[in-house]
>>> print(open('work.txt').read())   # compact mmCIF, C-alpha atoms and all ligand atoms
# COMPACT_ATOMS: atom_id res chain seq x y z
CA MET A 262 41.69 8.83 -26.32
CA PRO A 263 38.17 7.37 -26.68
CA ALA A 264 35.37 9.52 -25.32
CA PRO A 265 34.03 8.27 -21.98
CA ALA A 266 30.98 6.04 -22.41
CA VAL A 267 27.73 7.88 -21.80
CA PRO A 268 25.22 5.64 -20.02
CA VAL A 269 22.35 4.93 -22.39
CA GLU A 270 18.87 5.10 -20.91
CA PRO A 271 16.78 2.15 -22.08
CA PRO A 272 13.78 3.36 -24.10
CA ALA A 273 10.48 3.83 -22.27
CA LEU A 274 8.37 0.70 -22.29
CA GLN A 275 4.62 0.46 -22.83
CA TRP A 276 3.11 -1.10 -19.69
CA ASP A 277 -0.39 -2.58 -19.53
CA LEU A 278 -1.47 -2.92 -15.94
CA PHE A 279 -4.62 -5.02 -15.43
CA CYS A 280 -6.63 -4.53 -12.24
CA ARG A 281 -9.89 -6.07 -11.07
CA VAL A 282 -11.45 -4.45 -8.03
CA ILE A 283 -12.42 -7.47 -5.92
CA ASP A 284 -12.98 -5.99 -2.50
CA ASN A 285 -12.22 -2.77 -0.64
CA TYR A 286 -9.80 -0.24 -2.11
CA GLY A 287 -6.40 -1.89 -2.03
CA ASP A 288 -6.60 -3.28 -5.57
CA ALA A 289 -7.24 0.11 -7.11
CA GLY A 290 -4.97 1.85 -4.59
CA VAL A 291 -1.89 -0.29 -5.23
CA CYS A 292 -2.41 -0.29 -9.01
CA TRP A 293 -2.82 3.47 -9.13
CA ARG A 294 0.30 4.06 -7.09
CA LEU A 295 2.28 1.66 -9.28
CA ALA A 296 0.95 3.21 -12.50
CA ARG A 297 1.79 6.71 -11.36
CA ARG A 298 5.20 5.68 -10.10
CA LEU A 299 6.13 3.91 -13.35
CA ALA A 300 5.02 6.98 -15.30
CA ALA A 301 7.20 9.15 -13.05
CA LEU A 302 10.10 6.87 -14.03
CA GLY A 303 9.45 7.75 -17.67
CA GLN A 304 7.36 4.72 -18.61
CA ARG A 305 4.12 4.74 -20.63
CA VAL A 306 1.32 3.14 -18.66
CA ARG A 307 -2.20 1.97 -19.49
CA LEU A 308 -4.16 1.08 -16.35
CA ILE A 309 -6.98 -1.26 -17.37
CA ILE A 310 -9.43 -1.39 -14.49
CA ASP A 311 -12.89 -2.96 -14.26
CA ASP A 312 -14.18 -0.37 -11.76
CA ALA A 313 -12.57 3.05 -11.95
CA ALA A 314 -14.93 4.58 -9.37
CA PRO A 315 -12.38 4.62 -6.46
CA LEU A 316 -9.93 6.51 -8.68
CA GLY A 317 -12.49 9.34 -8.73
CA TRP A 318 -11.54 10.20 -5.13
CA MET A 319 -8.05 8.68 -4.89
CA ALA A 320 -6.68 10.39 -7.95
CA PRO A 321 -9.18 12.87 -9.39
CA ALA A 322 -6.45 14.75 -11.26
CA GLY A 323 -4.97 11.63 -12.90
CA ALA A 324 -1.26 11.63 -13.69
CA ALA A 325 0.84 12.49 -16.72
CA GLY A 326 1.85 9.33 -18.55
CA VAL A 327 -1.01 7.19 -17.17
CA GLU A 328 -4.00 6.37 -19.34
CA VAL A 329 -6.92 4.79 -17.47
CA MET A 330 -8.91 2.39 -19.66
CA PRO A 331 -12.01 0.32 -18.98
CA TRP A 332 -11.74 -3.46 -18.98
CA PRO A 333 -11.03 -5.38 -21.30
CA GLY A 334 -8.45 -2.83 -22.41
CA PRO A 335 -6.62 -2.17 -25.68
CA ASP A 336 -6.53 -4.29 -28.85
CA ASP A 337 -2.76 -4.13 -29.05
CA VAL A 338 -0.21 -5.56 -26.63
CA GLY A 339 2.45 -3.44 -24.91
CA ASP A 340 5.97 -4.42 -23.90
CA VAL A 341 4.97 -5.45 -20.38
CA VAL A 342 1.73 -6.94 -19.09
CA VAL A 343 1.23 -6.71 -15.33
CA GLU A 344 -1.73 -8.53 -13.84
CA ALA A 345 -2.35 -7.35 -10.32
CA PHE A 346 -3.05 -10.01 -7.70
CA GLY A 347 -3.60 -12.84 -10.20
CA CYS A 348 -6.57 -11.05 -11.79
CA ASP A 349 -6.16 -12.84 -15.18
CA PRO A 350 -6.04 -10.48 -18.14
CA PRO A 351 -8.87 -10.99 -20.66
CA ALA A 352 -8.50 -14.25 -22.65
CA ALA A 353 -8.40 -12.33 -25.95
CA HIS A 354 -5.49 -10.25 -24.67
CA VAL A 355 -3.56 -13.36 -23.59
CA ALA A 356 -4.24 -14.90 -27.02
CA ARG A 357 -2.76 -11.80 -28.67
CA MET A 358 0.26 -12.00 -26.36
CA ALA A 359 0.87 -15.60 -27.50
CA GLU A 360 0.87 -14.46 -31.15
CA GLN A 361 3.60 -11.85 -30.67
CA ALA A 362 6.95 -12.47 -32.31
CA ARG A 363 8.61 -10.95 -29.25
CA PRO A 364 6.29 -11.70 -26.35
CA ALA A 365 5.52 -9.07 -23.74
CA VAL A 366 7.08 -9.65 -20.34
CA TRP A 367 4.17 -10.97 -18.28
CA ILE A 368 4.22 -10.18 -14.56
CA ASN A 369 1.91 -11.33 -11.82
CA LEU A 370 2.17 -8.69 -9.10
CA GLU A 371 1.35 -10.52 -5.89
CA TYR A 372 0.00 -9.52 -2.47
CA LEU A 373 2.27 -8.01 0.14
CA SER A 374 3.35 -10.17 3.05
CA ALA A 375 6.35 -10.41 5.38
CA GLU A 376 6.08 -14.22 5.48
CA PRO A 377 9.14 -16.30 4.45
CA TYR A 378 7.47 -17.78 1.35
CA VAL A 379 7.75 -14.36 -0.31
CA GLU A 380 11.54 -14.48 -0.67
CA ARG A 381 11.30 -18.07 -1.94
CA SER A 382 8.66 -17.26 -4.53
CA HIS A 383 9.75 -13.82 -5.73
CA GLY A 384 10.91 -13.85 -9.35
CA LEU A 385 9.91 -17.45 -10.09
CA PRO A 386 8.61 -18.32 -13.55
CA SER A 387 5.21 -19.85 -14.12
CA PRO A 388 5.20 -21.54 -17.56
CA GLN A 389 1.79 -21.25 -19.23
CA ARG A 390 0.05 -23.79 -21.49
CA ASN A 391 0.23 -21.39 -24.43
CA GLY A 392 4.02 -21.32 -24.26
CA LEU A 393 4.26 -17.96 -22.50
CA THR A 394 5.94 -17.45 -19.15
CA LYS A 395 4.37 -15.47 -16.35
CA TRP A 396 6.76 -14.18 -13.67
CA PHE A 397 5.85 -13.84 -10.02
CA PHE A 398 6.78 -10.48 -8.59
CA PHE A 399 6.28 -10.25 -4.84
CA PRO A 400 6.33 -6.97 -2.97
CA GLY A 401 8.08 -7.34 0.34
CA PHE A 402 10.16 -5.93 3.14
CA THR A 403 13.59 -7.31 2.29
CA ALA A 404 16.20 -6.85 -0.42
CA ALA A 405 15.40 -10.34 -1.76
CA THR A 406 11.81 -9.31 -2.60
CA GLY A 407 10.23 -6.77 -4.92
CA GLY A 408 10.22 -4.11 -2.20
CA LEU A 409 7.63 -1.42 -1.52
CA LEU A 410 6.30 1.47 -3.57
CA ARG A 411 7.85 4.76 -2.53
CA GLU A 412 7.74 7.92 -4.58
CA ALA A 413 10.90 9.94 -5.14
CA HIS A 414 11.32 12.61 -2.45
CA LEU A 415 8.40 11.25 -0.41
CA LEU A 416 10.32 11.46 2.85
CA GLU A 417 11.54 14.97 2.10
CA GLY A 418 7.91 15.98 1.53
CA ARG A 419 6.97 14.35 4.79
CA ALA A 420 9.75 16.18 6.66
CA ALA A 421 8.68 19.57 5.27
CA PHE A 422 4.97 18.95 5.93
CA ASP A 423 3.01 21.62 7.81
CA HIS A 424 0.26 19.61 9.44
CA GLN A 425 -1.57 22.58 10.94
CA ALA A 426 -2.00 24.27 7.57
CA TRP A 427 -3.15 21.00 6.05
CA LEU A 428 -5.67 20.32 8.84
CA ALA A 429 -6.97 23.88 8.54
CA ARG A 430 -7.65 23.29 4.84
CA LEU A 431 -9.85 20.38 5.90
CA GLY A 432 -11.57 22.54 8.51
CA ILE A 433 -10.08 20.51 11.39
CA GLU A 434 -8.66 22.22 14.46
CA ALA A 435 -7.20 20.36 17.41
CA GLN A 436 -7.65 21.91 20.82
CA PRO A 437 -4.50 22.79 22.81
CA GLY A 438 -2.97 19.63 24.24
CA GLU A 439 -5.11 17.33 22.12
CA ARG A 440 -3.36 14.57 20.22
CA LEU A 441 -4.39 13.54 16.71
CA VAL A 442 -5.16 9.92 15.89
CA SER A 443 -6.47 8.49 12.59
CA LEU A 444 -8.70 5.45 12.17
CA PHE A 445 -8.94 3.38 8.97
CA CYS A 446 -10.21 -0.09 9.89
CA TYR A 447 -12.49 -3.01 9.11
CA ALA A 448 -15.32 -4.07 11.40
CA ASN A 449 -13.67 -4.57 14.78
CA SER A 450 -15.33 -5.66 18.01
CA HIS A 451 -12.56 -3.94 19.98
CA LEU A 452 -13.55 -0.47 18.83
CA PRO A 453 -15.48 0.46 22.02
CA ALA A 454 -12.40 -0.58 24.04
CA LEU A 455 -10.15 1.47 21.77
CA LEU A 456 -12.33 4.56 22.28
CA GLN A 457 -12.06 4.12 26.06
CA GLN A 458 -8.31 3.70 25.84
CA LEU A 459 -7.84 6.72 23.58
CA ALA A 460 -9.90 8.87 25.97
CA MET A 461 -7.24 8.42 28.68
CA ALA A 462 -5.50 11.42 27.05
CA PRO A 463 -7.25 14.33 25.26
CA THR A 464 -7.62 12.99 21.72
CA LEU A 465 -9.12 14.08 18.42
CA LEU A 466 -9.87 10.93 16.44
CA LEU A 467 -10.06 11.43 12.67
CA LEU A 468 -12.48 8.92 11.16
CA THR A 469 -12.16 7.78 7.55
CA PRO A 470 -15.37 7.05 5.61
CA GLY A 471 -16.84 3.54 5.71
CA HIS A 472 -16.23 1.12 8.59
CA ALA A 473 -14.61 3.65 10.93
CA GLN A 474 -17.38 6.22 10.62
CA ARG A 475 -20.10 3.54 10.79
CA GLN A 476 -18.74 2.05 14.01
CA VAL A 477 -18.08 5.25 15.93
CA SER A 478 -20.99 7.45 16.86
CA ASP A 479 -20.72 10.76 18.71
CA ALA A 480 -23.50 9.57 21.00
CA ASN A 481 -21.31 7.12 22.92
CA LEU A 482 -17.95 8.89 23.04
CA PRO A 483 -16.16 8.81 26.41
CA PRO A 484 -15.20 12.22 27.84
CA GLY A 485 -11.75 13.25 26.61
CA LEU A 486 -12.33 11.98 23.11
CA ARG A 487 -13.58 14.05 20.18
CA THR A 488 -14.01 12.89 16.61
CA ALA A 489 -13.97 14.47 13.16
CA ARG A 490 -15.41 12.76 10.10
CA LEU A 491 -13.21 12.94 7.05
CA PRO A 492 -14.35 12.90 3.43
CA TRP A 493 -12.70 10.45 1.02
CA LEU A 494 -9.25 11.92 0.57
CA THR A 495 -7.00 11.75 -2.45
CA GLN A 496 -4.18 9.24 -2.00
CA ASP A 497 -1.74 12.11 -1.48
CA ASP A 498 -3.96 13.58 1.21
CA PHE A 499 -4.39 10.15 2.78
CA ASP A 500 -0.60 10.11 3.16
CA ARG A 501 -0.75 13.56 4.72
CA LEU A 502 -3.41 12.37 7.15
CA LEU A 503 -0.96 9.72 8.39
CA TRP A 504 1.79 12.35 8.60
CA ALA A 505 -0.45 14.67 10.64
CA CYS A 506 -1.26 12.12 13.37
CA GLU A 507 0.90 10.77 16.16
CA LEU A 508 -0.91 7.45 16.12
CA ASN A 509 -2.48 5.81 13.06
CA PHE A 510 -4.76 2.82 12.74
CA VAL A 511 -4.47 1.37 9.23
CA ARG A 512 -5.66 -1.75 7.47
CA GLY A 513 -4.92 -3.83 4.37
CA GLU A 514 -1.91 -3.57 2.14
CA ASP A 515 -1.38 -0.08 0.83
CA SER A 516 -2.13 1.91 3.97
CA LEU A 517 0.28 -0.34 5.89
CA VAL A 518 3.10 0.80 3.61
CA ARG A 519 2.02 4.42 3.89
CA ALA A 520 2.01 4.15 7.69
CA ALA A 521 5.59 2.88 7.50
CA TRP A 522 6.65 5.89 5.42
CA ALA A 523 4.77 8.23 7.79
CA GLY A 524 7.06 7.07 10.59
CA ALA A 525 4.45 7.57 13.34
CA ALA A 526 3.29 4.93 15.81
CA PHE A 527 0.65 2.74 14.17
CA ALA A 528 -1.40 -0.39 14.55
CA TRP A 529 -2.32 -2.53 11.57
CA GLN A 530 -5.53 -4.48 11.11
CA ALA A 531 -4.98 -7.34 8.69
CA TYR A 532 -7.83 -8.28 6.36
CA PRO A 533 -9.52 -10.97 8.46
CA GLN A 534 -9.55 -14.37 6.78
CA ASP A 535 -11.83 -17.25 7.77
CA ASP A 536 -8.95 -19.73 7.93
CA GLY A 537 -7.05 -17.49 10.36
CA ALA A 538 -4.24 -16.92 7.82
CA HIS A 539 -4.02 -13.30 8.96
CA ALA A 540 -2.43 -14.41 12.26
CA ALA A 541 0.70 -15.63 10.44
CA LYS A 542 0.83 -12.42 8.42
CA ILE A 543 0.71 -10.31 11.58
CA ALA A 544 3.34 -12.40 13.36
CA ALA A 545 5.68 -12.19 10.37
CA LEU A 546 5.22 -8.44 10.04
CA LEU A 547 5.83 -7.81 13.73
CA ALA A 548 9.01 -9.88 13.56
CA GLN A 549 10.16 -8.04 10.44
CA MET A 550 9.53 -4.70 12.19
CA GLN A 551 11.36 -5.82 15.32
CA ALA A 552 8.33 -4.50 17.19
CA PRO A 553 8.68 -4.13 20.95
CA PRO A 554 6.68 -6.74 22.92
CA GLU A 555 4.01 -4.29 24.15
CA MET A 556 3.35 -3.13 20.59
CA ALA A 557 3.14 -6.72 19.33
CA ALA A 558 0.73 -7.60 22.14
CA TRP A 559 -1.55 -4.66 21.34
CA TRP A 560 -1.60 -5.48 17.64
CA ARG A 561 -2.50 -9.09 18.38
CA GLY A 562 -5.36 -7.92 20.57
CA TRP A 563 -6.60 -5.43 17.95
CA ASN A 564 -6.65 -8.27 15.42
CA GLY A 565 -8.64 -10.57 17.69
CA ILE A 566 -5.82 -13.06 18.20
CA ALA A 567 -5.29 -12.36 21.92
CA THR A 568 -6.75 -10.24 24.70
CA LEU A 569 -6.47 -6.52 24.03
CA PRO A 570 -4.03 -4.94 26.52
CA GLU A 571 -4.05 -1.27 27.56
CA LEU A 572 -2.78 1.18 24.98
CA PRO A 573 0.48 2.73 26.24
CA ASP A 574 0.40 6.36 27.33
CA ALA A 575 2.12 9.01 25.21
CA ALA A 576 5.54 8.47 26.82
CA ASN A 577 5.42 4.72 26.31
CA LEU A 578 4.07 5.06 22.80
CA GLN A 579 7.52 6.42 21.96
CA SER A 580 8.78 2.83 21.81
CA TRP A 581 6.28 2.15 18.99
CA THR A 582 7.32 5.31 17.16
CA GLY A 583 10.99 4.46 17.57
CA ALA A 584 10.44 0.95 16.20
CA VAL A 585 8.52 2.28 13.17
CA GLN A 586 11.19 4.87 12.39
CA ALA A 587 14.07 2.43 12.74
CA TRP A 588 12.20 0.00 10.47
CA ARG A 589 11.55 2.78 7.95
CA SER A 590 15.29 3.54 7.81
CA ARG A 591 16.10 -0.11 7.20
CA LEU A 592 13.48 -0.32 4.44
CA VAL A 593 14.64 2.85 2.71
CA ASP A 594 18.30 1.82 2.76
CA GLN A 595 17.89 -1.68 1.35
CA ALA A 596 18.49 -2.69 -2.30
CA GLY A 597 20.43 0.51 -2.97
CA GLY A 598 17.37 2.53 -2.06
CA ALA A 599 15.32 1.13 -4.97
CA ASP A 600 11.58 1.04 -4.48
CA LEU A 601 9.20 -1.54 -5.93
CA ALA A 602 8.76 0.26 -9.26
CA GLU A 603 12.51 0.57 -9.79
CA ARG A 604 13.05 -3.08 -8.87
CA LEU A 605 10.21 -4.09 -11.20
CA LEU A 606 11.68 -2.05 -14.03
CA ALA A 607 15.08 -3.69 -13.55
CA PHE A 608 13.44 -7.13 -13.38
CA VAL A 609 11.54 -6.51 -16.62
CA HIS A 610 14.65 -5.26 -18.44
CA GLY A 611 16.42 -8.45 -17.34
CA LYS A 612 13.61 -10.61 -18.69
CA SER A 613 13.40 -8.66 -21.96
CA ARG A 614 17.06 -9.48 -22.56
CA SER A 615 16.78 -13.12 -21.56
CA HIS A 616 13.68 -13.62 -23.72
CA PRO A 617 14.73 -12.82 -27.29
CA ALA A 618 12.27 -12.98 -30.14
CA ALA A 619 10.67 -16.42 -30.43
O1 LIG A 701 -9.08 -1.04 1.24
P1 LIG A 701 -8.17 -2.03 1.88
O2 LIG A 701 -8.71 -2.73 3.03
O3 LIG A 701 -7.72 -3.06 0.79
C1 LIG A 701 -7.42 -4.41 1.18
C2 LIG A 701 -6.03 -4.75 0.73
O4 LIG A 701 -5.81 -4.50 -0.62
C3 LIG A 701 -5.77 -6.21 0.96
O5 LIG A 701 -4.53 -6.58 0.38
C4 LIG A 701 -6.86 -7.04 0.34
O6 LIG A 701 -6.62 -8.37 0.61
C5 LIG A 701 -8.19 -6.63 0.93
O7 LIG A 701 -8.42 -5.24 0.68
C6 LIG A 701 -9.33 -7.41 0.33
O8 LIG A 701 -6.83 -1.30 2.40
P2 LIG A 701 -5.59 -0.68 1.61
O9 LIG A 701 -4.82 -1.74 0.91
O10 LIG A 701 -4.88 0.15 2.56
O11 LIG A 701 -6.23 0.24 0.49
C7 LIG A 701 -6.88 1.43 0.78
C8 LIG A 701 -6.54 2.45 -0.30
O12 LIG A 701 -7.42 3.58 -0.19
C9 LIG A 701 -5.14 3.01 -0.15
O13 LIG A 701 -4.56 3.16 -1.43
C10 LIG A 701 -5.35 4.37 0.49
C11 LIG A 701 -6.65 4.77 -0.14
N1 LIG A 701 -7.41 5.78 0.56
C12 LIG A 701 -7.46 7.06 0.01
O14 LIG A 701 -6.84 7.33 -1.01
N2 LIG A 701 -8.25 7.99 0.63
C13 LIG A 701 -8.96 7.74 1.78
O15 LIG A 701 -9.65 8.65 2.28
C14 LIG A 701 -8.86 6.43 2.34
C15 LIG A 701 -9.60 6.11 3.61
C16 LIG A 701 -8.11 5.48 1.70
>>> encode(input="work.txt", output="structure tokens", more="lines below")
Ligand code: TRH
Amino acid sequence: MPAPAVPVEPPALQWDLFCRVIDNYGDAGVCWRLARRLAALGQRVRLIIDDAAPLGWMAPAGAAGVEVMPWPGPDDVGDVVVEAFGCDPPAAHVARMAEQARPAVWINLEYLSAEPYVERSHGLPSPQRNGLTKWFFFPGFTAATGGLLREAHLLEGRAAFDHQAWLARLGIEAQPGERLVSLFCYANSHLPALLQQLAMAPTLLLLTPGHAQRQVSDANLPPGLRTARLPWLTQDDFDRLLWACELNFVRGEDSLVRAAWAGAAFAWQAYPQDDGAHAAKIAALLAQMQAPPEMAAWWRGWNGIATLPELPDAANLQSWTGAVQAWRSRLVDQAGGADLAERLLAFVHGKSRSHPAA
């Protein structure tokens, strides 16, 4: 009788992940999480980044299997080239890619959105003038997209998390009966109103560096509200911050995903765009989350699209928490539980096979 077939693991690929830091921290944040996740899946990763400064606080310890390199990166070409957010790898690197007998799989990792165009565009080829093909890979919230980054055992870690011990390490102590809320935001004219609304129940508001700390001063806090100023946290501790709070205010792309995994009530501030494109992003995300109407209304107000309603009290905030947790379950279960890195790996293996040596 023939021996049963042993599944053969494909060999580790060399990934070159190109990142330009344009604005804020999402570029570096998403690329670092992807690099680390691919390395955890046994891949070899070079993260070529034009400004590595944010990694100094996000990931001071680095990660096994990830080499951080300054732009323009290496002289050789790996098996996979990922350009984050259409950042265009250096021309010399693209020229070297075009000379390869077996071209690298070239991926453009796009921005995250819940809008319908994502499913239509995910996985499409973009033929280049030099004969190469660049593939669009869209993160997203459905099985027909590239999915979301989620580390193995993240939710188990979240379930076992001891928030009091973690807060104590940061020197933060909530008073009895005080709820914990985190704030990571852009400039927002509704902040004074938010502070008033939060003060309706005893609250300790944890302020991240930058916009949140600049806009909230201890001098004008309503009674009932206390604040603590956080240092820049590592990405892992940023996750823990969201786990420690019962209500999180997040912004941009990466912290939105982390708020989903945290499973606590949250409000998202989209990066405001002059053409108002953020309104469609918010509407699509709320629909995808199946957010209850009062949550959707508050989010719209927070994003300056409608009047800001009252924040629900703790009992009514449960409907937000329930919606986030139900959404999290749906996200985790889809595509056989594969996260973005696993879906990207499978996509790249498919393209390697369908693109034999030229
Ligand atoms: O910094 P952001 O606002 O970035 C955004 C998004 O990338 C958006 O897509 C882009 O269009 C816009 O910039 C220009 O928010 P985001 O995406 O949540 O990234 C923040 C990163 O910083 C995230 O990886 C979490 C990390 N972080 C820490 O690691 N420690 C901290 O203390 C804080 C506050 C954040």
>>> residues_around(input="work.txt", residues="segment 470-480 of chain A", least_positions_apart="3", cutoff="7 Å", atoms="only C-alpha atoms", output="MDAnalysis selection string")
chainID A and resid 444:448 490:493
>>> axis_aligned_box(input="work.txt", around="ligand LIG 701 (chain A)", padding_each_side="5 Å", output="JSON")
{"center_x": -7.1, "center_y": 0.1, "center_z": 1.1, "size_x": 15.1, "size_y": 27.0, "size_z": 15.0}
>>> closest_residue(input="work.txt", among="A:Val518, A:Leu385, A:Ala545, A:Ala404", to="ligand LIG 701 (chain A)", atoms="all atoms listed in the file")
A:Val518
>>> residues_around(input="work.txt", residues="Asp497 of chain A", least_positions_apart="6", cutoff="12 Å", atoms="all atoms listed in the file", output="list in words")
Gly290, Trp293, Arg294, Arg297, Trp318, Met319, Ala320, Pro321, Ala322, Gly323, Glu412, Leu415, Gly418, Arg419, Trp427, Leu503, Trp504, Ser516, Arg519 and Ala523 of chain A
>>> residues_near_ligand(input="work.txt", ligand="ligand LIG 701 (chain A)", cutoff="6 Å", atoms="all atoms listed in the file", output="MDAnalysis selection string")
chainID A and resid 284:288 290:291 319 469 493:496 499 512:516 532
>>> residues_around(input="work.txt", residues="Trp529 of chain A", least_positions_apart="3", cutoff="7 Å", atoms="all atoms listed in the file", output="VMD selection string")
chain A and resid 510 to 512 517 560
>>> atom_distance(input="work.txt", atom1="atom CA of Met461 of chain A", atom2="atom CA of Gln586 of chain A")
24.9 Å
>>> closest_residue(input="work.txt", among="A:Glu360, A:Asp574, A:Asp500, A:Glu380", to="Leu459 of chain A", atoms="all atoms listed in the file")
A:Asp574
>>> residues_around(input="work.txt", residues="Asp600 of chain A", least_positions_apart="4", cutoff="7 Å", atoms="all atoms listed in the file", output="list in words")
Gly408, Leu409, Leu410, Arg411 and Arg604 of chain A
>>> residues_around(input="work.txt", residues="Leu606 of chain A", least_positions_apart="4", cutoff="10 Å", atoms="only C-alpha atoms", output="list in words")
Leu274, Leu299, Leu302, Gln304, Val341, Leu601, Ala602, His610, Gly611 and Lys612 of chain A
>>> atom_distance(input="work.txt", atom1="atom CA of Cys348 of chain A", atom2="atom CA of Cys280 of chain A")
6.5 Å
>>> closest_residue(input="work.txt", among="A:Trp559, A:Ala460, A:Phe279, A:Ala314", to="Leu482 of chain A", atoms="only C-alpha atoms")
A:Ala460
>>> closest_residue(input="work.txt", among="A:Leu316, A:Leu569, A:Ala352, A:Ala454", to="Pro333 of chain A", atoms="only C-alpha atoms")
A:Ala352
>>> closest_residue(input="work.txt", among="A:Phe527, A:Trp367, A:Phe422, A:Trp522", to="Ala557 of chain A", atoms="all atoms listed in the file")
A:Phe527
>>> closest_residue(input="work.txt", among="A:Val366, A:Ala531, A:Leu468, A:Ala525", to="Gln579 of chain A", atoms="all atoms listed in the file")
A:Ala525
